[in-house]
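Trainee: Structure file upload_38.tsv, TSV, C-alpha atoms, is pasted below:
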chain	number	residue	atom	x	y	z
A	143	MET	CA	-30.13	37.75	-26.68
A	144	ALA	CA	-26.80	36.62	-25.15
A	145	GLY	CA	-25.68	34.75	-28.24
A	146	GLN	CA	-27.57	36.63	-30.90
A	147	ASP	CA	-24.67	38.62	-32.30
A	148	GLY	CA	-21.85	36.37	-31.16
A	149	ASN	CA	-19.81	33.68	-32.82
A	150	ALA	CA	-20.66	29.98	-32.79
A	151	THR	CA	-18.99	29.44	-29.41
A	152	GLU	CA	-20.94	32.26	-27.76
A	153	LYS	CA	-24.21	31.01	-29.26
A	154	PHE	CA	-23.43	27.50	-28.07
A	155	ARG	CA	-22.81	28.72	-24.50
A	156	ALA	CA	-26.01	30.76	-24.58
A	157	ALA	CA	-27.99	27.73	-25.78
A	158	GLN	CA	-26.68	25.65	-22.86
A	159	GLN	CA	-27.60	28.40	-20.40
A	160	LEU	CA	-31.08	28.76	-21.87
A	161	ALA	CA	-31.69	25.01	-21.70
A	162	ASP	CA	-30.63	25.08	-18.04
A	163	ILE	CA	-32.98	27.99	-17.30
A	164	ARG	CA	-35.86	25.99	-18.82
A	165	GLY	CA	-34.93	23.05	-16.55
A	166	PHE	CA	-33.22	20.74	-19.04
A	167	PRO	CA	-29.62	19.62	-19.56
A	168	PHE	CA	-28.34	20.68	-22.97
A	169	LEU	CA	-28.32	17.86	-25.52
A	170	SER	CA	-27.07	17.95	-29.08
A	171	ILE	CA	-29.55	17.14	-31.83
A	172	GLY	CA	-28.05	13.66	-32.08
A	173	GLN	CA	-28.61	13.07	-28.37
A	174	VAL	CA	-32.17	14.41	-28.60
A	175	GLU	CA	-32.88	11.93	-31.39
A	176	GLN	CA	-31.83	9.09	-29.08
A	177	ALA	CA	-33.78	10.36	-26.04
A	178	PRO	CA	-37.05	8.75	-24.85
A	179	LEU	CA	-40.14	10.13	-26.62
A	180	GLU	CA	-41.57	11.52	-23.37
A	181	ASP	CA	-38.42	13.61	-22.80
A	182	VAL	CA	-38.48	14.91	-26.38
A	183	LEU	CA	-42.15	15.95	-26.03
A	184	GLN	CA	-41.39	17.78	-22.76
A	185	ARG	CA	-38.64	19.67	-24.53
A	186	VAL	CA	-40.97	20.58	-27.40
A	187	GLU	CA	-43.58	21.90	-24.95
A	188	ALA	CA	-40.90	23.94	-23.17
A	189	THR	CA	-40.07	25.81	-26.40
A	190	ARG	CA	-43.30	27.85	-26.13
A	191	GLY	CA	-42.87	31.53	-25.37
A	192	ALA	CA	-45.03	33.77	-23.17
A	193	ASP	CA	-47.68	33.97	-25.92
A	194	GLY	CA	-47.85	30.17	-26.19
A	195	ALA	CA	-46.25	30.12	-29.63
A	196	PRO	CA	-43.03	28.15	-30.28
A	197	ASP	CA	-39.90	30.26	-29.77
A	198	GLU	CA	-37.17	29.67	-32.36
A	199	VAL	CA	-34.27	30.48	-30.03
A	200	ALA	CA	-35.61	28.27	-27.24
A	201	ALA	CA	-36.18	25.47	-29.75
A	202	ALA	CA	-32.55	25.65	-30.90
A	203	ALA	CA	-31.39	25.35	-27.28
A	204	LEU	CA	-33.81	22.64	-26.13
A	205	LEU	CA	-33.70	20.50	-29.27
A	206	GLY	CA	-29.96	20.88	-29.85
A	207	THR	CA	-30.13	22.47	-33.31
A	208	VAL	CA	-27.91	25.41	-32.36
A	209	GLU	CA	-24.87	25.87	-34.57
A	210	VAL	CA	-21.91	24.03	-33.07
A	211	PRO	CA	-18.42	25.60	-32.76
A	212	LYS	CA	-16.44	25.18	-35.98
A	213	LEU	CA	-13.03	24.62	-34.37
A	214	ARG	CA	-11.27	21.75	-36.12
A	215	LEU	CA	-8.71	19.35	-34.71
A	216	SER	CA	-5.88	21.18	-36.45
A	217	GLY	CA	-6.65	24.27	-34.34
A	218	LEU	CA	-7.18	22.49	-31.03
A	219	VAL	CA	-3.67	22.85	-29.61
A	220	ASP	CA	-3.58	26.62	-30.28
A	221	HIS	CA	-7.02	26.97	-28.71
A	222	VAL	CA	-6.08	24.98	-25.60
A	223	GLU	CA	-2.81	26.91	-25.31
A	224	GLN	CA	-4.82	30.14	-25.08
A	225	LEU	CA	-7.10	28.60	-22.45
A	226	SER	CA	-4.07	27.37	-20.48
A	227	ALA	CA	-2.14	30.64	-20.54
A	228	TYR	CA	-2.47	31.19	-16.80
A	229	ASP	CA	-1.55	27.60	-15.94
A	230	ASN	CA	1.55	27.89	-18.13
A	231	ARG	CA	2.63	31.31	-16.87
A	232	PHE	CA	5.89	29.98	-15.40
A	233	LYS	CA	6.99	28.10	-18.52
A	234	ASN	CA	9.89	29.44	-20.55
A	235	ARG	CA	10.10	29.13	-24.32
A	236	GLU	CA	11.64	25.65	-24.27
A	237	GLN	CA	9.16	24.39	-21.71
A	238	MET	CA	6.32	25.67	-23.89
A	239	ARG	CA	7.81	23.83	-26.86
A	240	LEU	CA	7.85	20.64	-24.78
A	241	TRP	CA	4.25	21.34	-23.73
A	242	ARG	CA	3.04	21.78	-27.32
A	243	SER	CA	5.00	19.00	-29.00
A	244	PRO	CA	3.25	15.91	-27.56
A	245	ARG	CA	-0.17	17.53	-27.92
A	246	LEU	CA	0.46	18.37	-31.57
A	247	ARG	CA	1.64	14.80	-32.10
A	248	ALA	CA	-1.51	13.39	-30.49
A	249	VAL	CA	-3.77	15.59	-32.65
A	250	ASN	CA	-1.87	14.76	-35.85
A	251	ASN	CA	-2.05	11.06	-35.05
A	252	LEU	CA	-5.81	11.30	-34.54
A	253	ILE	CA	-6.20	13.17	-37.86
A	254	SER	CA	-4.16	10.40	-39.55
A	255	ALA	CA	-6.36	7.76	-37.92
A	256	LEU	CA	-9.54	9.48	-39.14
A	257	GLY	CA	-8.17	10.39	-42.55
A	258	ARG	CA	-9.41	13.98	-42.27
A	259	ASP	CA	-9.43	17.08	-40.08
A	260	VAL	CA	-12.84	17.02	-38.38
A	261	PRO	CA	-14.54	19.57	-36.08
A	262	VAL	CA	-13.55	18.93	-32.47
A	263	ILE	CA	-17.20	18.69	-31.47
A	264	GLU	CA	-17.52	15.60	-33.71
A	265	VAL	CA	-14.85	13.61	-31.85
A	266	GLY	CA	-16.81	10.89	-30.09
A	267	SER	CA	-16.27	7.32	-29.00
A	268	THR	CA	-16.16	6.10	-32.62
A	269	GLU	CA	-13.31	8.47	-33.43
A	270	ALA	CA	-11.45	7.56	-30.23
A	271	CYS	CA	-11.74	3.87	-31.10
A	272	LYS	CA	-10.31	4.58	-34.56
A	273	HIS	CA	-7.41	6.34	-32.86
A	274	LYS	CA	-6.83	3.24	-30.73
A	275	ARG	CA	-6.98	0.89	-33.73
A	276	TRP	CA	-4.52	3.15	-35.58
A	277	TRP	CA	-2.09	2.80	-32.70
A	278	GLN	CA	-2.60	-0.97	-32.51
A	279	ASP	CA	-1.73	-1.26	-36.21
A	280	ARG	CA	1.29	0.99	-35.79
A	281	ARG	CA	2.55	-1.01	-32.83
A	282	ALA	CA	2.25	-4.23	-34.82
A	283	LYS	CA	4.35	-2.73	-37.65
A	284	GLU	CA	6.84	-0.58	-35.73
A	285	GLY	CA	6.94	-1.99	-32.22
A	286	GLN	CA	5.90	1.23	-30.45
A	287	SER	CA	5.24	0.85	-26.73
A	288	ALA	CA	1.76	0.85	-25.23
A	289	GLU	CA	2.89	3.69	-22.98
A	290	THR	CA	3.55	5.91	-25.99
A	291	ALA	CA	0.07	5.26	-27.35
A	292	ASN	CA	-1.57	5.85	-23.98
A	293	LYS	CA	0.15	9.23	-23.69
A	294	ASP	CA	-1.56	10.20	-26.97
A	295	PHE	CA	-4.94	9.24	-25.55
A	296	ALA	CA	-4.28	11.11	-22.29
A	297	TYR	CA	-3.30	14.31	-24.13
A	298	MET	CA	-6.43	14.12	-26.29
A	299	ALA	CA	-8.62	13.53	-23.23
A	300	GLY	CA	-7.09	16.53	-21.47
A	301	MET	CA	-7.49	18.86	-24.44
A	302	LEU	CA	-11.09	17.82	-25.02
A	303	ALA	CA	-11.86	18.41	-21.35
A	304	ARG	CA	-10.45	21.95	-21.68
A	305	PHE	CA	-12.43	22.53	-24.86
A	306	TYR	CA	-15.74	21.54	-23.25
A	307	GLU	CA	-14.93	23.36	-20.01
A	308	ASP	CA	-14.58	26.56	-22.05
A	309	LEU	CA	-17.97	25.89	-23.58
A	310	GLU	CA	-19.39	25.49	-20.06
A	311	TYR	CA	-20.73	22.11	-21.11
A	312	GLU	CA	-22.53	20.64	-18.09
A	313	ASP	CA	-22.09	16.97	-19.00
A	314	PRO	CA	-19.36	16.90	-21.66
A	315	PRO	CA	-18.64	13.78	-23.72
A	316	ARG	CA	-15.59	11.81	-22.61
A	317	PRO	CA	-14.72	9.73	-25.67
A	318	TYR	CA	-11.31	8.66	-24.30
A	319	SER	CA	-12.56	7.59	-20.85
A	320	ARG	CA	-12.10	3.89	-21.63
A	321	ILE	CA	-9.48	4.10	-24.35
A	322	SER	CA	-6.12	2.55	-23.49
A	323	ILE	CA	-3.79	-0.16	-24.68
A	324	ARG	CA	-2.48	-2.78	-22.27
A	325	ASP	CA	0.40	-5.07	-23.07
A	326	ARG	CA	0.51	-7.97	-20.62
A	327	HIS	CA	3.76	-9.16	-22.18
A	328	ALA	CA	5.66	-5.91	-21.66
A	329	ASN	CA	8.30	-5.85	-18.95
A	330	PRO	CA	7.55	-3.21	-16.31
A	331	SER	CA	9.91	-0.28	-16.62
A	332	LYS	CA	12.34	0.28	-13.76
A	333	LYS	CA	14.44	3.34	-13.09
A	334	ARG	CA	17.96	2.04	-12.57
A	335	GLU	CA	20.65	3.61	-10.42
A	336	VAL	CA	24.19	4.48	-11.38
A	337	PRO	CA	26.06	2.33	-8.83
A	338	VAL	CA	27.95	4.35	-6.22
A	339	ASP	CA	31.14	2.33	-6.82
A	340	TRP	CA	30.85	3.16	-10.51
A	341	ILE	CA	30.60	6.89	-9.77
A	342	VAL	CA	33.60	6.89	-7.44
A	343	GLU	CA	35.86	4.61	-9.47
A	344	LYS	CA	35.00	5.71	-13.02
A	345	TRP	CA	33.47	9.19	-12.97
A	346	PHE	CA	35.75	10.51	-10.23
A	347	ALA	CA	38.88	9.13	-11.92
A	348	PRO	CA	41.32	11.80	-13.18
A	349	ASP	CA	40.42	13.02	-16.70
A	350	ALA	CA	37.29	10.79	-16.86
A	351	LEU	CA	35.05	13.82	-17.44
A	352	SER	CA	37.67	16.04	-19.07
A	353	GLY	CA	36.05	15.62	-22.49
A	354	LEU	CA	32.90	17.39	-21.28
A	355	ASN	CA	32.62	21.17	-21.26
A	356	ASP	CA	32.77	22.74	-17.79
A	357	GLU	CA	29.03	23.35	-17.50
A	358	ALA	CA	27.99	19.83	-18.53
A	359	ARG	CA	30.52	18.29	-16.14
A	360	ASP	CA	29.39	20.39	-13.21
A	361	ILE	CA	25.67	19.84	-13.81
A	362	LEU	CA	26.44	16.13	-13.62
A	363	LEU	CA	28.44	16.57	-10.38
A	364	ILE	CA	25.62	18.56	-8.79
A	365	SER	CA	23.12	15.85	-9.69
A	366	ILE	CA	25.26	13.24	-7.90
A	367	GLU	CA	25.03	14.95	-4.48
A	368	THR	CA	21.56	16.53	-4.67
A	369	GLY	CA	19.31	14.01	-6.42
A	370	CYS	CA	17.85	16.88	-8.46
A	371	ARG	CA	16.28	16.34	-11.83
A	372	GLN	CA	18.62	17.46	-14.61
A	373	ASN	CA	16.42	20.36	-15.73
A	374	GLU	CA	16.08	21.54	-12.13
A	375	ILE	CA	19.84	22.14	-12.22
A	376	TYR	CA	20.53	23.52	-15.68
A	377	ASN	CA	17.53	25.87	-15.54
A	378	LEU	CA	18.67	27.46	-12.27
A	379	PRO	CA	18.83	31.29	-12.28
A	380	ALA	CA	21.65	32.91	-10.32
A	381	SER	CA	19.21	33.87	-7.55
A	382	ALA	CA	18.51	30.18	-6.86
A	383	ILE	CA	22.17	29.25	-6.24
A	384	ARG	CA	22.58	30.46	-2.68
A	385	LEU	CA	26.25	30.07	-1.89
A	386	ASP	CA	26.47	32.96	0.61
A	387	ASP	CA	23.80	31.61	2.95
A	388	PRO	CA	24.92	29.99	6.23
A	389	ILE	CA	24.01	26.67	4.59
A	390	PRO	CA	24.85	26.85	0.86
A	391	HIS	CA	21.93	25.38	-1.06
A	392	LEU	CA	19.82	25.35	-4.23
A	393	HIS	CA	16.35	26.88	-4.17
A	394	ILE	CA	14.09	24.88	-6.50
A	395	ALA	CA	10.85	26.74	-7.31
A	396	HIS	CA	8.76	28.34	-10.05
A	397	GLU	CA	10.13	31.60	-11.44
A	398	GLU	CA	7.71	34.17	-12.93
A	399	ALA	CA	9.01	36.99	-15.14
A	400	GLU	CA	7.90	39.29	-17.95
A	401	ASN	CA	10.79	38.01	-20.05
A	402	GLN	CA	9.91	34.44	-21.02
A	403	ALA	CA	13.60	33.50	-21.12
A	404	GLU	CA	13.81	34.14	-17.37
A	405	ARG	CA	10.83	31.99	-16.43
A	406	ARG	CA	11.15	28.56	-14.92
A	407	GLU	CA	8.53	25.94	-14.09
A	408	VAL	CA	9.44	22.95	-11.95
A	409	LYS	CA	7.53	19.69	-12.19
A	410	ASN	CA	4.96	20.30	-9.43
A	411	LEU	CA	4.47	22.00	-6.06
A	412	PRO	CA	6.06	19.16	-4.01
A	413	SER	CA	9.20	19.75	-6.10
A	414	HIS	CA	9.56	23.21	-4.49
A	415	ARG	CA	12.37	22.60	-2.03
A	416	GLU	CA	15.78	23.62	-0.73
A	417	ILE	CA	18.69	21.25	-1.35
A	418	PRO	CA	21.95	21.68	0.61
A	419	LEU	CA	25.17	21.69	-1.38
A	420	VAL	CA	27.97	19.39	-0.23
A	421	GLY	CA	30.98	17.64	-1.70
A	422	VAL	CA	31.46	17.74	-5.46
A	423	ALA	CA	28.10	19.54	-5.81
A	424	LEU	CA	29.23	22.48	-3.67
A	425	ALA	CA	32.53	22.73	-5.56
A	426	ALA	CA	30.67	22.64	-8.91
A	427	ALA	CA	28.16	25.31	-7.84
A	428	LYS	CA	30.99	27.60	-6.75
A	429	ARG	CA	32.43	27.39	-10.26
A	430	HIS	CA	29.05	28.50	-11.69
A	431	PRO	CA	27.44	30.95	-9.24
A	432	ASP	CA	25.41	32.51	-12.07
A	433	GLY	CA	24.00	29.22	-13.35
A	434	PHE	CA	24.47	27.36	-16.61
A	435	GLN	CA	23.83	29.68	-19.54
A	436	ARG	CA	24.87	27.11	-22.15
A	437	TYR	CA	21.99	24.82	-21.19
A	438	ARG	CA	19.42	27.08	-19.53
A	439	ASN	CA	16.03	26.85	-21.26
A	440	LYS	CA	17.36	24.21	-23.65
A	441	SER	CA	16.97	20.43	-23.85
A	442	ARG	CA	20.31	19.25	-25.19
A	443	TYR	CA	22.20	18.49	-21.97
A	444	SER	CA	20.97	14.93	-21.46
A	445	ALA	CA	21.68	13.70	-24.98
A	446	LEU	CA	25.17	15.24	-25.00
A	447	VAL	CA	26.28	13.78	-21.66
A	448	ASN	CA	24.73	10.35	-22.23
A	449	LYS	CA	26.50	10.14	-25.59
A	450	TYR	CA	29.87	11.17	-24.12
A	451	LEU	CA	29.66	8.68	-21.25
A	452	ARG	CA	28.53	5.82	-23.49
A	453	ASN	CA	31.22	6.48	-26.10
A	454	ASN	CA	33.84	6.41	-23.36
A	455	GLY	CA	32.59	3.32	-21.54
A	456	LEU	CA	31.45	5.35	-18.55
A	457	LEU	CA	27.82	4.21	-18.33
A	458	PRO	CA	26.63	0.77	-17.20
A	459	GLU	CA	24.45	-1.07	-19.71
A	460	GLY	CA	20.82	0.03	-19.58
A	461	VAL	CA	21.51	3.08	-17.37
A	462	THR	CA	21.32	6.80	-18.22
A	463	ILE	CA	22.57	9.86	-16.37
A	464	GLY	CA	19.06	10.20	-14.91
A	465	GLY	CA	20.18	7.29	-12.74
A	466	THR	CA	22.14	9.70	-10.52
A	467	ARG	CA	18.81	10.84	-9.05
A	468	HIS	CA	17.82	7.25	-8.29
A	469	SER	CA	21.29	6.56	-6.87
A	470	TRP	CA	20.83	9.39	-4.39
A	471	GLU	CA	17.53	7.99	-3.11
A	472	GLY	CA	19.12	4.53	-3.00
A	473	ARG	CA	21.90	5.92	-0.82
A	474	MET	CA	19.34	7.41	1.56
A	475	LYS	CA	17.43	4.14	1.67
A	476	ARG	CA	20.55	2.09	2.46
A	477	ALA	CA	21.46	4.62	5.15
A	478	GLY	CA	18.16	3.84	6.86
A	479	TYR	CA	16.13	6.95	6.06
A	480	GLU	CA	12.35	6.50	5.94
A	481	MET	CA	10.31	6.96	2.77
A	482	ASP	CA	8.89	10.29	3.97
A	483	ASP	CA	12.36	11.76	4.50
A	484	ARG	CA	13.51	10.54	1.12
A	485	GLY	CA	10.38	11.84	-0.55
A	486	GLU	CA	10.82	15.36	0.84
A	487	LEU	CA	14.40	15.63	-0.39
A	488	MET	CA	13.52	14.12	-3.77
A	489	GLY	CA	10.59	16.49	-4.33
A	490	HIS	CA	7.91	13.79	-4.19
A	491	SER	CA	4.37	14.37	-2.93
A	492	LEU	CA	4.08	13.12	0.67
A	493	LYS	CA	0.29	13.37	0.41
A	494	ALA	CA	0.33	10.94	-2.51
A	495	ARG	CA	2.76	8.61	-0.72
A	496	ARG	CA	0.75	8.57	2.51
A	497	GLY	CA	-2.69	8.69	0.96
A	498	ARG	CA	-3.77	11.43	3.39
A	499	GLU	CA	-3.17	15.06	4.29
A	500	VAL	CA	0.30	16.04	5.56
A	501	TYR	CA	0.53	18.04	8.80
A	502	GLY	CA	3.38	19.75	10.64
A	503	ASP	CA	6.59	21.34	9.43
A	504	GLY	CA	8.76	19.70	6.82
A	505	THR	CA	12.39	18.73	7.20
A	506	SER	CA	14.49	21.82	7.94
A	507	LEU	CA	17.42	22.85	5.77
A	508	PHE	CA	19.76	22.03	8.67
A	509	ASP	CA	18.34	18.49	8.93
A	510	ARG	CA	18.65	18.12	5.18
A	511	LEU	CA	22.29	19.16	5.47
A	512	GLN	CA	22.90	16.42	8.05
A	513	ILE	CA	21.49	13.84	5.66
A	514	ALA	CA	23.50	15.16	2.70
A	515	GLN	CA	26.73	15.17	4.73
A	516	GLU	CA	26.18	11.61	5.86
A	517	LEU	CA	25.68	10.48	2.25
A	518	MET	CA	28.47	12.62	0.80
A	519	LEU	CA	31.06	10.88	-1.38
A	520	PRO	CA	34.77	11.67	-1.03
A	521	VAL	CA	35.84	14.63	-3.18
A	522	PRO	CA	38.85	13.97	-5.44
A	523	GLU	CA	41.47	16.71	-5.54
A	524	HIS	CA	40.92	17.40	-9.24
A	525	LEU	CA	37.18	18.06	-8.68
A	526	LYS	CA	37.57	20.46	-5.74
Would you mind writing the structure in this file as C-alpha cells?
Mentor:
Amino acid sequence: MAGQDGNATEKFRAAQQLADIRGFPFLSIGQVEQAPLEDVLQRVEATRGADGAPDEVAAAALLGTVEVPKLRLSGLVDHVEQLSAYDNRFKNREQMRLWRSPRLRAVNNLISALGRDVPVIEVGSTEACKHKRWWQDRRAKEGQSAETANKDFAYMAGMLARFYEDLEYEDPPRPYSRISIRDRHANPSKKREVPVDWIVEKWFAPDALSGLNDEARDILLISIETGCRQNEIYNLPASAIRLDDPIPHLHIAHEEAENQAERREVKNLPSHREIPLVGVALAAAKRHPDGFQRYRNKSRYSALVNKYLRNNGLLPEGVTIGGTRHSWEGRMKRAGYEMDDRGELMGHSLKARRGREVYGDGTSLFDRLQIAQELMLPVPEHLK
C-alpha cells in the first residue's frame, strides 16, 4: 500500500522495504536474472500471499520488476542539490555556484562519453568505464591532468551515493569504486612558498602595490601575517573582524543567515579558528573594519592580484599568491614550531595528522599571539 499511489521513487522505496520484510535484499530484475537458481526459486515461493496465491506487488518487489525512478543524468545535480540543502546551509550564492559547477561538468562529461542522457539508475560499471575511456582519449588529445579526470569520477561517485541513499538502497551499486586514472610520469604537485625575502624586498617596497585597489592590497597583506586562505579573508563579515578585543583577531567560522548573501562556509570544522592580527595584517584590518565588500561572495580576487603581480614582475616563477599561506607555515617551521602547533593555526585537522583522537584544550589566542609576534615581519611606514 505504501507505494501504491506514489511516484516511481516512492514505489521503488516501498519495493525495497517489502523485500526486506520478506527476508530478502532487494535486487533489480537484471540482478535476479544473474542470481543462482535456488535463490530465484526461494524468491518466487516468497511471493505467495496469505491465500497461497502469487501476490503481484510482492512479486514486483522480490523479482525486481518494480518501475525504476525515471530521473535522468541531466537532472541529477538539481536532485542532489535538494538532498544536500541542509549540508549546504552555510553556503552563500557564490559558494553554491562553485558547488554546482564541477558537478554539472562531471555529469555533462559522462553524458558526452555515453552519447546520450540515460536514467541515473542505468549508470553501472560499463558506463563508468566509458567515462574513464572518454577522459583517457581527451587527455591524449588535450593534455588534461589525471587529477582533473579523477575529480570528475569522485563527483559522480558522491552524487550516485546520495541518489541511492535517498532511495534507501541497502546495497547500492558503486560503479566508480575502482575508476581512476594514474599517471606515473606526472610530477607530484607541490605548494610553493612566496619567499620571505621576496615579500619584504619587493612587496613591501614603496609603491609596489599601489596599482592594486585598497581592498585587494589589504587582503594580500592580511594573508601574509595570518596564513589564512584567501576566501577566508575576503568573505569576512564585520562581526568576524574583532579589532576592539584585548587581542585583535579574525574569527574564522561558518555564518548562517536567512539572507544568502550574508552566509559563509569555511572549508571544514578544523578551519574554525581565531587568528591574531599583527604587523601589516593588523594595519590592513583597521583600514577595513567592515570587511571587503568588493570581493565578498565573489571569486575574482585571486585572478586580479595574480595578474597584477605577474605583470609587474612581483611574483617568482611558478608561484601564486596562495603561496603566502605556505610561507606562513614555512616561517613557523623554521622558527621551530611543531607540526601540531602549525596545524592548529593553519586550520588543519589534528586528528588526521595524528591518526587518532585529539584530547585537551587547543592553543589559546594568547599563545597564538606569541607565535604571530615572533614571526611578524617589519612594517614599512607606508603600510602602517
Trainee: Can you measure CA of Thr466 (chain A) to CA of Leu362 (chain A) for me? One decimal in Å is fine.
Mentor: 8.3 Å
Trainee: Just how far from CA of Arg235 (chain A) is CA of Gln402 (chain A), in Å to one decimal?
Mentor: 6.3 Å
Trainee: Could the residues of region 186-259 of chain A that have an atom at most 9 Å from region 439-460 of chain A be listed as a tab-separated table, each with its closest atom pair and the distance in Å to one decimal, counting only C-alpha atoms and ordered by chain and ascending residue number?
Mentor:
residue	atom	partner	partner_atom	distance
A:Asn234	CA	A:Asn439	CA	6.7
A:Arg235	CA	A:Asn439	CA	7.1
A:Glu236	CA	A:Asn439	CA	5.5
A:Gln237	CA	A:Asn439	CA	7.3
Trainee: Using C-alpha atoms, can you write the selected residues to a file as an mmCIF file, in the coordinates of the input?
Mentor:
data_model
loop_
_atom_site.group_PDB
_atom_site.id
_atom_site.type_symbol
_atom_site.label_atom_id
_atom_site.label_comp_id
_atom_site.auth_asym_id
_atom_site.auth_seq_id
_atom_site.Cartn_x
_atom_site.Cartn_y
_atom_site.Cartn_z
ATOM 1 C CA ASN A 234 9.890 29.440 -20.550
ATOM 2 C CA ARG A 235 10.100 29.130 -24.320
ATOM 3 C CA GLU A 236 11.640 25.650 -24.270
ATOM 4 C CA GLN A 237 9.160 24.390 -21.710
#
Trainee: So that I can check the surroundings of region 321-327 of chain A, please list as a PDB file with C-alpha atoms, in the frame of the given file every protein, DNA and RNA residue that reaches within 9 Å of it, counting only C-alpha atoms and ignoring chain neighbours fewer than 4 positions away.
Mentor:
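The new file result02.pdb reads:
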ATOM      1  CA  SER A 267     -16.270   7.320 -29.000  1.00  0.00           C
ATOM      2  CA  ALA A 270     -11.450   7.560 -30.230  1.00  0.00           C
ATOM      3  CA  CYS A 271     -11.740   3.870 -31.100  1.00  0.00           C
ATOM      4  CA  LYS A 274      -6.830   3.240 -30.730  1.00  0.00           C
ATOM      5  CA  TRP A 277      -2.090   2.800 -32.700  1.00  0.00           C
ATOM      6  CA  GLN A 278      -2.600  -0.970 -32.510  1.00  0.00           C
ATOM      7  CA  SER A 287       5.240   0.850 -26.730  1.00  0.00           C
ATOM      8  CA  ALA A 288       1.760   0.850 -25.230  1.00  0.00           C
ATOM      9  CA  GLU A 289       2.890   3.690 -22.980  1.00  0.00           C
ATOM     10  CA  ALA A 291       0.070   5.260 -27.350  1.00  0.00           C
ATOM     11  CA  ASN A 292      -1.570   5.850 -23.980  1.00  0.00           C
ATOM     12  CA  PHE A 295      -4.940   9.240 -25.550  1.00  0.00           C
ATOM     13  CA  ALA A 296      -4.280  11.110 -22.290  1.00  0.00           C
ATOM     14  CA  PRO A 317     -14.720   9.730 -25.670  1.00  0.00           C
TER      15      PRO A 317
END
Trainee: Can you work out the spacing between CA of Pro388 (chain A) and CA of Ala426 (chain A) in Å, to one decimal?
Mentor: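 Taking CA of Pro388 (chain A) as the start and CA of Ala426 (chain A) as the end point, the length is 17.8 Å.
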Trainee: Given all atoms listed in the file as the basis, pick out the residue of A:Lys428, A:Lys233, A:Arg415, A:Arg371 nearest to Gly464 (chain A).
Mentor: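 Residue with the minimum atom-to-atom distance to Gly464 (chain A): A:Arg371.
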Trainee: When distances are computed from only C-alpha atoms, which of A:Tyr297, A:Tyr479, A:Phe166, A:Phe346 shows the smallest separation from Arg242 (chain A)?
Mentor: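 Under the stated criterion, the closest residue is A:Tyr297.
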